[in-house]
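Asker: File follows, entry.pdb with PDB, C-alpha atoms:
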```pdb
MODEL        1
ATOM      1  CA  LEU A 743       0.000   0.000   0.000
ATOM      2  CA  THR A 744       1.658   3.177  -1.199
ATOM      3  CA  VAL A 745       0.982   6.565   0.371
ATOM      4  CA  ILE A 746       0.768   9.672  -1.819
ATOM      5  CA  ARG A 747       0.859  12.396   0.811
ATOM      6  CA  SER A 748       0.570  15.322  -1.588
ATOM      7  CA  LYS A 749      -2.854  14.100  -2.688
ATOM      8  CA  ASN A 750      -3.979  12.854   0.741
ATOM      9  CA  SER A 751      -4.729   9.476  -0.803
ATOM     10  CA  SER A 752      -3.209   5.995  -0.738
ATOM     11  CA  SER A 753      -2.932   3.674  -3.717
ATOM     12  CA  LEU A 754      -2.584  -0.012  -4.487
ATOM     13  CA  MET A 755       0.370  -0.335  -6.849
ATOM     14  CA  ILE A 756       2.163  -2.937  -8.913
ATOM     15  CA  ILE A 757       5.765  -1.924  -9.518
ATOM     16  CA  LYS A 758       8.024  -3.601 -12.057
ATOM     17  CA  VAL A 759      11.662  -3.781 -10.981
ATOM     18  CA  LYS A 760      14.454  -4.325 -13.498
ATOM     19  CA  GLU A 761      17.999  -5.113 -12.430
ATOM     20  CA  ASN A 762      20.847  -4.400 -14.832
ATOM     21  CA  ASP A 763      23.630  -6.948 -14.305
ATOM     22  CA  GLN A 764      26.058  -5.011 -16.461
ATOM     23  CA  ASP A 765      26.205  -1.753 -14.511
ATOM     24  CA  GLY A 766      24.561  -2.857 -11.266
ATOM     25  CA  THR A 767      21.715  -0.334 -11.532
ATOM     26  CA  THR A 768      18.100  -1.021 -10.643
ATOM     27  CA  THR A 769      15.110   0.763 -12.135
ATOM     28  CA  ALA A 770      11.454   0.549 -11.223
ATOM     29  CA  HIS A 771       8.239   1.946 -12.615
ATOM     30  CA  VAL A 772       4.552   1.689 -11.776
ATOM     31  CA  VAL A 773       2.701  -0.636 -14.158
ATOM     32  CA  TRP A 774      -0.679  -0.556 -12.366
ATOM     33  CA  ASN A 775      -2.189   1.853  -9.874
ATOM     34  CA  TYR A 776      -5.524   2.021  -8.056
ATOM     35  CA  ASN A 777      -6.397   5.107  -6.020
ATOM     36  CA  THR A 778      -8.377   4.072  -2.920
ATOM     37  CA  GLY A 779      -9.646   7.575  -2.189
ATOM     38  CA  TRP A 780      -8.520   7.107   1.422
ATOM     39  CA  PHE A 781      -5.396   8.339   3.208
ATOM     40  CA  THR A 782      -3.657   5.637   5.263
ATOM     41  CA  SER A 783      -0.632   7.090   7.061
ATOM     42  CA  PHE A 784       0.822   3.703   8.088
ATOM     43  CA  LEU A 785      -0.021  -0.013   8.058
ATOM     44  CA  GLY A 786      -2.345  -1.167   5.273
ATOM     45  CA  ASP A 787      -1.703  -3.930   2.765
ATOM     46  CA  HIS A 788      -1.947  -4.910  -0.910
ATOM     47  CA  ASP A 789      -1.884  -8.532  -2.082
ATOM     48  CA  ARG A 790      -2.148  -9.949  -5.590
ATOM     49  CA  LEU A 791      -4.555 -12.883  -5.691
ATOM     50  CA  LEU A 792      -4.454 -16.022  -7.833
ATOM     51  CA  THR A 793      -7.206 -14.581 -10.023
ATOM     52  CA  GLY A 794      -5.094 -11.526 -10.846
ATOM     53  CA  ASN A 795      -7.281  -9.327  -8.649
ATOM     54  CA  SER A 796      -5.817  -7.052  -5.979
ATOM     55  CA  LEU A 797      -6.888  -7.175  -2.322
ATOM     56  CA  GLY A 798      -6.358  -3.912  -0.455
ATOM     57  CA  ALA A 799      -6.612  -3.255   3.280
ATOM     58  CA  TYR A 800      -6.590   0.367   4.450
ATOM     59  CA  TRP A 801      -8.044   2.745   7.025
ATOM     60  CA  ASP A 802      -8.947   6.429   7.225
ATOM     61  CA  SER A 803      -6.145   8.375   8.917
ATOM     62  CA  LEU A 804      -8.117  11.585   8.353
ATOM     63  CA  ARG A 805     -10.995  10.704  10.621
ATOM     64  CA  ALA A 806     -12.982  13.751   9.518
ATOM     65  CA  SER A 807     -12.713  12.996   5.790
ATOM     66  CA  GLU A 808     -15.761  13.946   3.765
ATOM     67  CA  ASN A 809     -17.743  11.146   2.088
ATOM     68  CA  ILE A 810     -16.007   8.457   4.190
ATOM     69  CA  GLY A 811     -18.281   7.091   6.877
ATOM     70  CA  ALA A 812     -16.295   3.953   7.682
ATOM     71  CA  GLN A 813     -13.098   3.789   9.707
ATOM     72  CA  ALA A 814     -11.445   0.981   7.707
ATOM     73  CA  GLN A 815     -12.077  -1.052   4.587
ATOM     74  CA  LEU A 816     -11.134  -4.164   2.630
ATOM     75  CA  ARG A 817     -11.583  -3.943  -1.132
ATOM     76  CA  GLU A 818     -10.874  -6.413  -3.929
ATOM     77  CA  VAL A 819     -10.507  -4.897  -7.388
ATOM     78  CA  THR A 820     -10.003  -6.440 -10.808
ATOM     79  CA  PRO A 821      -7.090  -5.581 -13.130
ATOM     80  CA  SER A 822      -9.540  -3.291 -14.964
ATOM     81  CA  LYS A 823     -10.173  -1.542 -11.603
ATOM     82  CA  GLU A 824     -13.736  -2.757 -11.106
ATOM     83  CA  ILE A 825     -14.739  -3.521  -7.499
ATOM     84  CA  ALA A 826     -15.206  -7.270  -7.019
ATOM     85  CA  TRP A 827     -16.307  -6.861  -3.381
ATOM     86  CA  GLN A 828     -15.588  -4.766  -0.340
ATOM     87  CA  MET A 829     -16.131  -4.763   3.410
ATOM     88  CA  SER A 830     -16.356  -1.587   5.488
ATOM     89  CA  VAL A 831     -15.697  -1.330   9.240
ATOM     90  CA  PHE A 832     -17.704   1.392  10.954
ATOM     91  CA  GLY A 833     -16.879   0.789  14.626
ATOM     92  CA  ASN A 834     -19.119   2.114  17.421
ATOM     93  CA  LYS A 835     -18.858   5.809  16.482
ATOM     94  CA  THR A 836     -16.678   6.641  19.486
ATOM     95  CA  VAL A 837     -13.708   7.585  17.301
ATOM     96  CA  ASP A 838     -12.001  10.858  18.178
ATOM     97  CA  LYS A 839     -11.680  12.805  14.917
ATOM     98  CA  GLU A 840      -8.933  14.924  16.439
ATOM     99  CA  ASP A 841      -6.781  11.857  17.018
ATOM    100  CA  GLY A 842      -5.860   9.957  13.849
ATOM    101  CA  ASP A 843      -4.694   6.945  15.866
ATOM    102  CA  HIS A 844      -8.054   6.557  17.600
ATOM    103  CA  GLY A 845     -10.448   4.021  16.043
ATOM    104  CA  TRP A 846     -10.222   0.997  13.782
ATOM    105  CA  MET A 847      -7.072   0.375  11.753
ATOM    106  CA  ILE A 848      -6.162  -2.514   9.426
ATOM    107  CA  TYR A 849      -2.710  -4.009   9.085
ATOM    108  CA  SER A 850      -3.329  -6.820   6.616
ATOM    109  CA  ALA A 851      -5.926  -9.153   5.112
ATOM    110  CA  GLU A 852      -5.683 -12.606   3.563
ATOM    111  CA  ARG A 853      -7.849 -14.384   1.004
ATOM    112  CA  PHE A 854      -8.909 -17.927   1.944
ATOM    113  CA  TYR A 855     -10.421 -20.298  -0.604
ATOM    114  CA  THR A 856     -12.478 -23.308   0.418
ATOM    115  CA  ALA A 857     -10.126 -25.811  -1.235
ATOM    116  CA  PRO A 858      -6.833 -25.976  -3.163
ATOM    117  CA  ILE A 859      -6.720 -24.361  -6.612
ATOM    118  CA  LEU A 860      -5.688 -26.311  -9.734
ATOM    119  CA  SER A 861      -4.757 -24.710 -13.041
ATOM    120  CA  SER A 862      -2.898 -25.490 -16.275
ATOM    121  CA  VAL A 863      -4.015 -29.129 -16.055
ATOM    122  CA  SER A 864      -2.633 -31.162 -18.972
ATOM    123  CA  CYS A 865      -2.604 -34.810 -19.959
ATOM    124  CA  VAL A 866      -0.514 -36.164 -22.850
ATOM    125  CA  GLU A 867      -1.013 -39.573 -24.448
ATOM    126  CA  ASP A 868       1.431 -41.723 -26.376
ATOM    127  CA  SER A 869       0.879 -43.273 -29.808
ATOM    128  CA  ASP A 870      -1.207 -46.054 -28.197
ATOM    129  CA  ASP A 871      -3.601 -43.485 -26.653
ATOM    130  CA  GLN A 872      -2.313 -44.229 -23.161
ATOM    131  CA  VAL A 873      -1.181 -41.675 -20.603
ATOM    132  CA  GLU A 874       2.398 -40.508 -21.020
ATOM    133  CA  LYS A 875       2.487 -37.362 -18.868
ATOM    134  CA  ILE A 876       0.202 -35.433 -16.515
ATOM    135  CA  SER A 877       1.081 -31.935 -15.379
ATOM    136  CA  PHE A 878      -0.674 -29.185 -13.425
ATOM    137  CA  THR A 879      -0.076 -26.168 -11.225
ATOM    138  CA  ALA A 880      -1.437 -26.199  -7.672
ATOM    139  CA  HIS A 881      -1.922 -23.560  -4.987
ATOM    140  CA  ASN A 882      -3.049 -24.221  -1.449
ATOM    141  CA  ASN A 883      -6.256 -22.510  -0.353
ATOM    142  CA  PHE A 884      -4.403 -19.699   1.426
ATOM    143  CA  ARG A 885      -0.944 -18.139   1.510
ATOM    144  CA  GLN A 886       1.527 -19.612   3.991
ATOM    145  CA  ASN A 887       5.226 -19.106   4.681
ATOM    146  CA  LEU A 888       6.023 -22.581   6.006
ATOM    147  CA  ASN A 889       6.514 -25.897   4.218
ATOM    148  CA  PHE A 890       3.420 -28.083   4.357
ATOM    149  CA  ASN A 891       2.762 -31.269   2.459
ATOM    150  CA  GLY A 892      -0.069 -32.071   0.120
ATOM    151  CA  THR A 893      -1.044 -35.225  -1.752
ATOM    152  CA  TRP A 894      -1.926 -35.711  -5.401
ATOM    153  CA  SER A 895      -3.862 -38.774  -6.523
ATOM    154  CA  ILE A 896      -4.868 -40.135  -9.907
ATOM    155  CA  LEU A 897      -8.368 -41.633  -9.847
ATOM    156  CA  ASP A 898     -10.116 -43.904 -12.324
ATOM    157  CA  SER A 899     -13.633 -43.368 -13.662
ATOM    158  CA  ASP A 900     -15.099 -45.055 -10.533
ATOM    159  CA  GLY A 901     -13.212 -42.720  -8.186
ATOM    160  CA  ALA A 902     -10.752 -45.388  -7.055
ATOM    161  CA  THR A 903      -7.138 -44.327  -6.475
ATOM    162  CA  ILE A 904      -4.687 -45.680  -9.037
ATOM    163  CA  THR A 905      -1.591 -43.980  -7.653
ATOM    164  CA  SER A 906      -0.747 -41.091  -5.321
ATOM    165  CA  MET A 907       2.283 -39.278  -3.905
ATOM    166  CA  ILE A 908       3.116 -36.601  -1.355
ATOM    167  CA  PHE A 909       4.482 -33.218  -2.469
ATOM    168  CA  THR A 910       5.409 -29.951  -0.724
ATOM    169  CA  TRP A 911       3.537 -26.711  -1.325
ATOM    170  CA  THR A 912       5.690 -23.798  -2.490
ATOM    171  CA  GLU A 913       5.722 -20.997   0.072
ATOM    172  CA  TYR A 914       4.022 -17.614  -0.285
ATOM    173  CA  TRP A 915       1.483 -18.844  -2.836
ATOM    174  CA  GLN A 916       4.061 -19.274  -5.562
ATOM    175  CA  ASN A 917       3.311 -21.906  -8.192
ATOM    176  CA  THR A 918       3.623 -25.531  -7.140
ATOM    177  CA  ASP A 919       4.280 -27.187 -10.506
ATOM    178  CA  ILE A 920       3.733 -30.944 -10.662
ATOM    179  CA  GLU A 921       4.787 -33.175 -13.561
ATOM    180  CA  ILE A 922       3.937 -36.880 -13.409
ATOM    181  CA  THR A 923       5.645 -39.237 -15.880
ATOM    182  CA  SER A 924       6.534 -42.893 -16.125
ATOM    183  CA  GLY A 925      10.197 -42.281 -15.286
ATOM    184  CA  GLY A 926      10.240 -39.066 -13.265
ATOM    185  CA  GLY A 927      10.294 -38.324  -9.561
ATOM    186  CA  PHE A 928       6.500 -38.368  -9.599
ATOM    187  CA  ALA A 929       5.563 -41.694 -11.203
ATOM    188  CA  LEU A 930       2.387 -42.520 -13.139
ATOM    189  CA  GLY A 931       2.404 -46.099 -11.918
ATOM    190  CA  ASP A 932      -0.536 -48.098 -13.269
ATOM    191  CA  ALA A 933      -2.058 -44.933 -14.739
ATOM    192  CA  VAL A 934       0.013 -45.619 -17.887
ATOM    193  CA  ASP A 935      -2.580 -48.284 -18.762
ATOM    194  CA  TYR A 936      -5.364 -45.683 -19.051
ATOM    195  CA  SER A 937      -6.296 -42.956 -21.477
ATOM    196  CA  CYS A 938      -6.604 -39.349 -20.314
ATOM    197  CA  ASP A 939     -10.408 -39.358 -20.612
ATOM    198  CA  ASP A 940     -10.623 -42.142 -18.031
ATOM    199  CA  LEU A 941      -8.769 -40.274 -15.287
ATOM    200  CA  THR A 942      -9.222 -37.537 -12.701
ATOM    201  CA  ILE A 943      -6.532 -35.704 -10.743
ATOM    202  CA  GLU A 944      -7.215 -34.969  -7.074
ATOM    203  CA  VAL A 945      -5.163 -32.722  -4.775
ATOM    204  CA  GLU A 946      -5.550 -32.727  -0.993
ATOM    205  CA  ASN A 947      -3.988 -30.277   1.478
ATOM    206  CA  GLN A 948      -2.944 -30.758   5.103
ATOM    207  CA  PHE A 949      -6.490 -30.018   6.288
ATOM    208  CA  GLY A 950      -8.105 -32.787   4.230
ATOM    209  CA  GLN A 951      -9.623 -30.304   1.756
ATOM    210  CA  THR A 952      -9.661 -31.651  -1.804
ATOM    211  CA  THR A 953     -10.057 -30.417  -5.363
ATOM    212  CA  THR A 954     -10.549 -32.665  -8.400
ATOM    213  CA  ARG A 955     -10.219 -32.000 -12.117
ATOM    214  CA  SER A 956     -11.064 -34.332 -14.990
ATOM    215  CA  LEU A 957      -8.280 -35.006 -17.464
TER
ENDMDL
END
```
Output the file's structure as structure tokens, nothing else.
Answerer:
Amino acid sequence: LTVIRSKNSSSLMIIKVKENDQDGTTTAHVVWNYNTGWFTSFLGDHDRLLTGNSLGAYWDSLRASENIGAQAQLREVTPSKEIAWQMSVFGNKTVDKEDGDHGWMIYSAERFYTAPILSSVSCVEDSDDQVEKISFTAHNNFRQNLNFNGTWSILDSDGATITSMIFTWTEYWQNTDIEITSGGGFALGDAVDYSCDDLTIEVENQFGQTTTRSL
């Protein structure tokens, strides 16, 4: 969350940083900016979500600001700057407008999904129309900075498990890329005897929450 003091407003920003290995210089420029219309003097947060949306958390440091009835707010906006949803915190109206530190403030907010997210799911068959490789990208249902394990399973058309293995989620919601082959670290096992249309991939996190995708 970036503060623009001269305009008494704070913005959600995406900044592209470019490092030059030849001369050791670093340049940066703003590639996306969303003006919240609020002034947050400290704290606040901006997270990019898996959907590409931005989740902002901010509060009104100028307690007497016109047209702002709430003390704090969460707002999710799309890349095209449309509001996906927002939540406003009004408090109990005991805020002291002469004291900017009095009342509700927000430090950060996190997006939680109900189950893991799967994307870029692919299944490749060999010349005999049998599975040769399965690949996908997985994200746990919320951002975490510690190493936790998940489990992927390949299911047949009846929902029975053909093969499964444990993997480790990549921290901070970075991509967890999985590639399953007949000779790789993640092995297809008996799934090589099936065609892609007969199979489903299932991913389970450490809480027992699962997501399935047909191949």
Asker: Which distance in Å separates atom CA of A:Glu867 and atom CA of A:Ile908, to one decimal?
Answerer: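 Between these atoms lies a distance of 23.6 Å.
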Asker: Atom CA of A:Val773 and atom CA of A:Met755 are how many Å apart?
Answerer: 7.7 Å
Asker: Could you tell me which of A:Asp789, A:Asp932, A:Asp900, A:Asp765 comes closest to A:Tyr914 if we count only C-alpha atoms?
Answerer: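 Distance minimum relative to A:Tyr914 lands on A:Asp789.
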Asker: For this file, the PyMOL selection byres ((chain A and resi 884) around 10) selects which residues, as a PyMOL selection string?
Answerer: chain A and resi 791-792+852-859+881-883+885-886+914-915
Asker: Apply the PyMOL selection byres ((chain A and resi 898) around 9) to the structure shown and report the selected residues as a ChimeraX atom specification.
Answerer: /A:896-897,899-904,933,936,940-942
Asker: Since I can't run it myself right now, could you work out what the PyMOL selection byres ((chain A and resi 812) around 6) selects here and report it as a list in words?
Answerer: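 So the PyMOL selection byres ((chain A and resi 812) around 6) ends up selecting Ile810, Gly811, Gln813, Ala814, Ser830, Val831 and Phe832 of chain A.
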Asker: Using only C-alpha atoms, which of the listed residues (A:Ser861, A:Ser850, A:Gln951, A:Gln828) sits closest to A:Asp787?
Answerer: A:Ser850
Asker: Point out the residue among A:Thr879, A:Ser822, A:Thr769, A:Thr910 with the least atom-to-atom distance to A:Val863, counting all atoms listed in the file.
Answerer: A:Thr879
Asker: Which residue, A:Ile920, A:Asp802, A:Ala851, A:Tyr776, has the smallest gap to A:Glu824 when you use all atoms listed in the file?
Answerer: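 Checking each candidate against A:Glu824, we get A:Tyr776 as the closest.
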Asker: Looking at A:Ile825, A:Met847, A:Val934, A:Ile757, which one is nearest to A:Ala799, with distances taken over all atoms listed in the file?
Answerer: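 Of A:Ile825, A:Met847, A:Val934, A:Ile757, the one nearest A:Ala799, counting all atoms listed in the file, is A:Met847.
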Asker: Using all atoms listed in the file, find the one residue out of A:Ala880, A:Ile848, A:Leu785, A:Val772 that sits nearest to A:Thr952.
Answerer: A:Ala880
Asker: Counting all atoms listed in the file, what is within 7 Å of stretch 793-797 of chain A, bar same-chain residues fewer than 4 positions away, as a PyMOL selection string?
Answerer: chain A and resi 788-789+817-821
Asker: Could you jot down the atom CA of A:Gly950 to atom CA of A:Val873 separation for me, Å, one decimal place?
Answerer: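 That distance, rounded to one decimal, is 27.3 Å.
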Asker: Skipping near chain neighbours, those fewer than 2 positions away, what residues fall within 6 Å of A:Ile943 using all atoms listed in the file, listed as a VMD selection string?
Answerer: chain A and resid 895 to 896 954 to 955
Asker: Can you write just those residues out, C-alpha atoms, as a PDB file, in the coordinates of the input?
Answerer:
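Full text of again.pdb as output:
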```pdb
ATOM      1  CA  SER A 895      -3.862 -38.774  -6.523  1.00  0.00           C
ATOM      2  CA  ILE A 896      -4.868 -40.135  -9.907  1.00  0.00           C
ATOM      3  CA  THR A 954     -10.549 -32.665  -8.400  1.00  0.00           C
ATOM      4  CA  ARG A 955     -10.219 -32.000 -12.117  1.00  0.00           C
TER       5      ARG A 955
END
```
Asker: Just the residues within 6 Å of A:Trp894, please, counting all atoms listed in the file, with nothing from its chain fewer than 2 positions along; format it as a PDB file with C-alpha atoms, keeping the file's coordinate frame.
Answerer:
```
ATOM      1  CA  SER A 906      -0.747 -41.091  -5.321  1.00  0.00           C
ATOM      2  CA  MET A 907       2.283 -39.278  -3.905  1.00  0.00           C
ATOM      3  CA  GLU A 944      -7.215 -34.969  -7.074  1.00  0.00           C
ATOM      4  CA  VAL A 945      -5.163 -32.722  -4.775  1.00  0.00           C
TER       5      VAL A 945
END
```
Asker: When you look at A:Cys938 with a cut-off of 10 Å (counting only C-alpha atoms), what residues show up, excluding the ones that are within fewer than 5 positions of it in the same chain? I need them as a list in words.
Answerer: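 Answer for this query is Ser864, Cys865, Val866, Glu867, Asp871, Gln872, Val873, Glu874, Lys875, Ile876, Asp898, Ala933, Ser956 and Leu957 of chain A.
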